[in-house]
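A short write-up of the structure that comes next.
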Amino acid sequence: MIPSTHDQQIEHARQAAQDGRFWDAVEQYTEILATTDPQTDDSSRKNNRLICLKERGDLLSELGEQLAALAAYEQYYLESGSSQHAVEALVLIGNRSRGLGQFGRSHTACQEALDLATALNYTPGRAKALAALGSTCLVEGNVSQAASYLNQANALFEQLNDIYGQVQSNNQMGIAHATTGRLHPAIQAFQKSISLARRVNRRSSLVAALNNLGECYQLLYATELALSCHREGLALAQEANFRLLEADLCRNLGLDLAQQQQWAESESWLQHAHSLALEIKAPEIYLHTLYAQARVAYQQDKLNEGAFADKLLAATSEPGQSRWHRANGLYASGLFCQLAGEHAAAEEMWQQAIFLAHETENRVLLWQLHAALAQIAQQPTLATVHNRIAAEVIQQIAEPFTDEALKLQFLEAPAVTAVLTQLPNEK
C-alpha cells in the first residue's frame, strides 16, 4: 500500500470530523504531528503542522478536553512566528483561557491578537480578536465594552461574508443581551445563530445557540419551549461527545424541570452537570451549576443544602473572579440566610449583590433581589419601594416583546405575579 501524504491524512481527519468521528480525527492529527519535525524548514510540512495543531486543538476543545486543547494552541502559537497564524493562535489561547477561568490571561492574549492583526492588516484575524475580547469582557461583567467589541466583530464578519464568524458573534451578542435582561433581542440573535449554524452544518455552534435560546425561554418561564431547545441540544451534544456543552445543557435541563417541580429529576441533571464540570475542568459551568443547585435546594426549603451557596460564595471571593458569579453567590447565600431566619445577614448580602447587579447590568437578578428584599422588609413602605423597583425592571424586560403569548407567559409566572400583585392600587 502506498503511504498517504500528510495532505491526504489531513483530508481524512477532516472527513472523520465531518462524519462525527471526532476522536478518530484527533488521532490522525496526533499521528501527523508525531511524524513531522517542528523545526522543519520545509514550508509545506510546516504549514501542515500548523493546520494539525489548530484543528486538533479545536476538536479537543469541542470534546471538553480544555487543558489539552490549550496546550495544542500554545504549541500552535510557538510554531507560528509572527504570521497570521499567530493571530489565530492568540485568539484561540484567549478563548480557551477564558473557559478555564483565567480572565487576565484571556484578555492579554486577545489584545495581543488584535494588535498583531491590525499591524498585519489581517481583517479576518481582527474580527476574531474583537469577538474574543468581547466574550472575555462579557464573563468579566463589562457588558457595555463587550457589546462594543462584539458589534465591531459582527460588522467585519458580515463584510467578509464569514458565515461561521457571524454564527459565533450572533451567539455572543445574544449572551450580551441576555445577561442584561434584554431577552427579546437575545432571542432574535440566538435564532439567527441557529439558522446560520444549520446552514453551514456547524454542530457545536448549533448546540451552543440552542442551549442559550432555551435559557432565555427559561428566564421567561416558557418552560416547554426551554425544554424543547435543551433536549434537542443535549441529544446533539451527546451524539457528538461535546462534553462541555453537555454539562451546561444538563444544568439547564435541571433548572427547566425545577420550574415544573420535578425535583428528583431536576437534581439528577444538576448533579450530572456538577460532576461533568469538575471532570472536564470547566470552572464557568461549575459556578453556574453551584448557583443552580443552590436555587433548587432553596425552592424546596432544604436549609441543610446551603453548602452549594457557600461554595459559590467562597469561589467568587478570590481576586479576579467574575462580578457576575459574585453577585449570584451573594444572592444565593442570602436566600439561605432568609430561610434560617437571619434576615439582617440576608439583607446585607443582597444589598452587596444589588451593587454588583447594577455594575453588570444584570436586570434579571436585579428584579429578583428587590423582590427578595421586599419579602423581609420590616416597614411596609420599604417593601413597597422594593416591589415597585422589581416591577419596573420586570416591565423593562417584558415591554419589547411582540410575541404576546410569550410576554403573557412571563408576566403570569407565579414569581412575577408575586411582585406585581403586591403593588398598591394607584388612585
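Labels for the C-alpha cells follow display order: chains A, B, ..., residues from 1 in each chain, ligands from 1.
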
Give me, as a short mmCIF file (atom, residue, chain, number, x, y, z; two decimals) with C-alpha atoms, in the first residue's frame, all polymer residues having an atom no more than 12 Å from Arg251 (chain A), counting only C-alpha atoms and skipping those fewer than 5 positions away in the same chain.
```
data_model
loop_
_atom_site.label_atom_id
_atom_site.label_comp_id
_atom_site.auth_asym_id
_atom_site.auth_seq_id
_atom_site.Cartn_x
_atom_site.Cartn_y
_atom_site.Cartn_z
CA ASN A 211 -28.68 25.94 24.80
CA ASN A 212 -28.67 29.73 25.06
CA GLY A 214 -33.55 27.66 25.76
CA GLU A 215 -32.08 29.55 28.70
CA GLN A 218 -36.35 29.53 30.89
CA LEU A 227 -37.18 22.02 27.38
CA HIS A 230 -32.39 21.88 25.69
CA ARG A 231 -33.46 18.35 24.82
CA LEU A 234 -28.44 17.60 24.58
CA LEU A 244 -18.51 20.96 27.68
CA LEU A 245 -21.85 21.74 26.07
CA GLU A 246 -23.39 18.62 27.56
CA ASP A 256 -36.26 23.64 33.43
CA LEU A 257 -37.53 20.65 35.39
CA ALA A 258 -37.35 22.60 38.66
CA GLU A 265 -35.21 14.56 38.01
CA SER A 266 -34.04 18.16 38.32
CA GLU A 267 -31.49 17.30 40.99
CA SER A 268 -30.25 14.32 38.98
CA TRP A 269 -29.49 16.50 35.96
CA LEU A 270 -27.83 19.14 38.12
CA GLN A 271 -25.64 16.56 39.85
CA HIS A 272 -24.57 15.22 36.45
CA ALA A 273 -23.70 18.76 35.33
CA HIS A 274 -21.76 19.30 38.57
CA SER A 275 -19.73 16.08 38.17
CA LEU A 276 -19.06 16.66 34.47
CA ALA A 277 -17.94 20.26 35.00
CA GLU A 284 -17.50 28.69 34.42
CA ILE A 285 -20.05 25.89 34.14
CA TYR A 286 -19.18 24.66 37.62
CA LEU A 287 -20.01 28.06 39.15
CA HIS A 288 -23.24 28.32 37.15
CA THR A 289 -24.15 24.82 38.34
CA LEU A 290 -23.48 25.61 42.00
CA TYR A 291 -25.85 28.56 41.64
CA ALA A 292 -28.49 26.37 40.03
CA GLN A 293 -28.17 23.72 42.74
CA ARG A 295 -31.57 27.85 43.87
CA VAL A 296 -33.27 24.47 43.50
#
```

> Do you know which residues are at most 12 Å from Gly57 (chain A) counting only C-alpha atoms, after dropping those on the same chain fewer than 6 positions away, and could you put them as a VMD selection string?
Replying inline: chain A and resid 22 to 23 25 to 27 29 to 30 50 to 51 63 to 77 88 to 89 92 to 93 95 to 96

> Between A:Thr136, A:Gln172, A:Gln188, A:Thr40, which one has atoms that come closest to Ala153 (chain A), using only C-alpha atoms?
Replying inline: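 Smallest distance to Ala153 (chain A) is found for A:Gln172.
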
>> Let me make sure I understand: among A:Thr421, A:Gln191, A:Ala340, A:His12, which one has the smallest atom-to-atom distance to Lys302 (chain A) if we use only C-alpha atoms?
In response: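 Checking each of A:Thr421, A:Gln191, A:Ala340, A:His12 against Lys302 (chain A), counting only C-alpha atoms, the winner is A:Ala340.
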
Which residues come within 9 Å of Val419 (chain A), counting only C-alpha atoms, excluding same-chain residues fewer than 6 positions away, as a short mmCIF file (atom, residue, chain, number, x, y, z; two decimals) with N, CA and C atoms, in the first residue's frame?
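part-v2.cif written:
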```
data_model
loop_
_atom_site.label_atom_id
_atom_site.label_comp_id
_atom_site.auth_asym_id
_atom_site.auth_seq_id
_atom_site.Cartn_x
_atom_site.Cartn_y
_atom_site.Cartn_z
N ALA A 371 -37.29 41.92 44.79
CA ALA A 371 -38.44 41.13 45.24
C ALA A 371 -38.13 40.42 46.56
N ALA A 374 -38.08 42.91 49.42
CA ALA A 374 -39.45 43.30 49.80
C ALA A 374 -40.04 42.30 50.78
N ASN A 387 -40.74 46.48 45.85
CA ASN A 387 -41.65 45.88 44.87
C ASN A 387 -41.82 46.76 43.64
N ARG A 388 -41.88 48.06 43.85
CA ARG A 388 -42.00 48.97 42.71
C ARG A 388 -40.79 48.86 41.78
N ALA A 390 -38.72 46.30 41.52
CA ALA A 390 -38.77 44.99 40.87
C ALA A 390 -39.76 45.00 39.72
N ALA A 391 -40.93 45.61 39.93
CA ALA A 391 -41.96 45.66 38.89
C ALA A 391 -41.50 46.47 37.69
#
```

> In terms of the shortest atom-to-atom distance over only C-alpha atoms, which of A:Thr118, A:Asn142, A:Ser205, A:Asn252 is closest to Thr180 (chain A)?
Replying inline: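 For Thr180 (chain A), the nearest of the candidates is A:Asn142.
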
> Between A:Asp24, A:Val364, A:Leu335, A:Leu225, which has the minimum distance to Ile376 (chain A) (counting only C-alpha atoms)?
Replying inline: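 Going through A:Asp24, A:Val364, A:Leu335, A:Leu225 one by one, the smallest distance to Ile376 (chain A) is for A:Leu335.
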
> Leu365 (chain A): which residues within 12 Å, counting only C-alpha atoms, same-chain residues fewer than 4 positions away excluded, as a VMD selection string?
Replying inline: chain A and resid 178 to 181 219 324 to 332 350 353 to 361 369 to 372 390 393 to 394 397

Using the selection just defined, write its residues with N, CA and C atoms as a short mmCIF file (atom, residue, chain, number, x, y, z; two decimals), in the first residue's frame.
```
data_model
loop_
_atom_site.label_atom_id
_atom_site.label_comp_id
_atom_site.auth_asym_id
_atom_site.auth_seq_id
_atom_site.Cartn_x
_atom_site.Cartn_y
_atom_site.Cartn_z
N ALA A 178 -28.81 38.88 26.77
CA ALA A 178 -29.50 38.09 27.80
C ALA A 178 -28.98 38.43 29.19
N THR A 179 -27.67 38.65 29.32
CA THR A 179 -27.12 38.94 30.64
C THR A 179 -27.62 40.27 31.19
N THR A 180 -28.07 41.15 30.31
CA THR A 180 -28.60 42.44 30.77
C THR A 180 -30.13 42.45 30.78
N GLY A 181 -30.73 41.28 30.60
CA GLY A 181 -32.18 41.18 30.66
C GLY A 181 -32.90 41.63 29.41
N LEU A 219 -35.78 31.84 31.48
CA LEU A 219 -35.87 33.06 32.25
C LEU A 219 -37.23 33.73 32.11
N TRP A 324 -20.19 38.86 37.99
CA TRP A 324 -21.47 38.20 37.71
C TRP A 324 -21.68 37.03 38.67
N HIS A 325 -20.69 36.15 38.76
CA HIS A 325 -20.79 35.00 39.66
C HIS A 325 -20.81 35.45 41.12
N ARG A 326 -20.06 36.50 41.43
CA ARG A 326 -20.04 37.02 42.80
C ARG A 326 -21.44 37.47 43.22
N ALA A 327 -22.13 38.18 42.32
CA ALA A 327 -23.49 38.63 42.63
C ALA A 327 -24.41 37.44 42.84
N ASN A 328 -24.28 36.42 41.99
CA ASN A 328 -25.09 35.21 42.16
C ASN A 328 -24.82 34.54 43.51
N GLY A 329 -23.52 34.50 43.89
CA GLY A 329 -23.15 33.87 45.15
C GLY A 329 -23.74 34.60 46.35
N LEU A 330 -23.73 35.93 46.30
CA LEU A 330 -24.31 36.71 47.38
C LEU A 330 -25.82 36.53 47.46
N TYR A 331 -26.47 36.49 46.31
CA TYR A 331 -27.92 36.29 46.29
C TYR A 331 -28.28 34.92 46.86
N ALA A 332 -27.59 33.88 46.38
CA ALA A 332 -27.89 32.53 46.83
C ALA A 332 -27.63 32.36 48.33
N TRP A 350 -27.71 40.87 50.08
CA TRP A 350 -28.49 41.28 48.90
C TRP A 350 -28.19 42.72 48.50
N ALA A 353 -25.15 42.49 46.53
CA ALA A 353 -25.47 41.89 45.24
C ALA A 353 -26.13 42.91 44.31
N ILE A 354 -26.97 43.78 44.87
CA ILE A 354 -27.63 44.82 44.06
C ILE A 354 -26.59 45.74 43.43
N PHE A 355 -25.58 46.10 44.21
CA PHE A 355 -24.50 46.94 43.67
C PHE A 355 -23.84 46.27 42.46
N LEU A 356 -23.53 44.98 42.60
CA LEU A 356 -22.88 44.25 41.51
C LEU A 356 -23.83 44.04 40.34
N ALA A 357 -25.11 43.82 40.62
CA ALA A 357 -26.09 43.64 39.55
C ALA A 357 -26.21 44.91 38.72
N HIS A 358 -26.16 46.06 39.38
CA HIS A 358 -26.16 47.33 38.64
C HIS A 358 -24.89 47.46 37.81
N GLU A 359 -23.76 47.13 38.40
CA GLU A 359 -22.48 47.23 37.68
C GLU A 359 -22.46 46.38 36.42
N THR A 360 -23.03 45.17 36.51
CA THR A 360 -23.00 44.23 35.39
C THR A 360 -24.29 44.28 34.56
N GLU A 361 -25.17 45.22 34.89
CA GLU A 361 -26.43 45.41 34.16
C GLU A 361 -27.28 44.14 34.13
N LEU A 369 -33.66 40.32 43.27
CA LEU A 369 -33.10 40.84 44.53
C LEU A 369 -34.07 41.79 45.21
N HIS A 370 -34.66 42.71 44.43
CA HIS A 370 -35.61 43.65 45.04
C HIS A 370 -36.86 42.93 45.53
N ALA A 371 -37.29 41.92 44.79
CA ALA A 371 -38.44 41.13 45.24
C ALA A 371 -38.13 40.42 46.56
N ALA A 372 -36.90 39.91 46.68
CA ALA A 372 -36.49 39.23 47.91
C ALA A 372 -36.41 40.21 49.07
N ALA A 390 -38.72 46.30 41.52
CA ALA A 390 -38.77 44.99 40.87
C ALA A 390 -39.76 45.00 39.72
N VAL A 393 -38.41 46.84 36.62
CA VAL A 393 -37.44 46.04 35.87
C VAL A 393 -38.16 44.93 35.10
N ILE A 394 -39.15 44.32 35.72
CA ILE A 394 -39.93 43.28 35.04
C ILE A 394 -40.58 43.86 33.77
N ILE A 397 -38.16 44.29 30.96
CA ILE A 397 -37.87 43.02 30.28
C ILE A 397 -39.00 42.64 29.35
#
```

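Residue nearest Leu253 (chain A), chosen from A:Ala226, A:Cys216, A:Leu366, A:Ala235 and counting only C-alpha atoms: A:Ala226.
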
> Can you list, as a count of residues only, every residue of region 316-396 of chain A that DSSP puts in helix (DSSP H, G or I)?
Replying inline: 65

Please build the interface table for region 105-188 of chain A against region 398-417 of chain A with a cut-off of 9 Å, listing for each qualifying residue the nearest atom pair and the distance in Å to one decimal; count only C-alpha atoms, order rows by chain and increasing number, and write it as a Markdown table.
```
| residue | atom | partner | partner_atom | distance |
| --- | --- | --- | --- | --- |
| A:Arg182 | CA | A:Pro400 | CA | 8.4 |
| A:Leu183 | CA | A:Ala398 | CA | 8.3 |
| A:His184 | CA | A:Phe401 | CA | 5.8 |
| A:Pro185 | CA | A:Pro400 | CA | 8.6 |
```

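The interatomic distance for the pair CA of Arg45 (chain A) and CA of Leu60 (chain A) works out to 22.1 Å.
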
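Using only C-alpha atoms, the smallest distance between any of A:Gly320, A:Glu11, A:Gly81, A:Gln262 and His107 (chain A) comes from A:Gly320.
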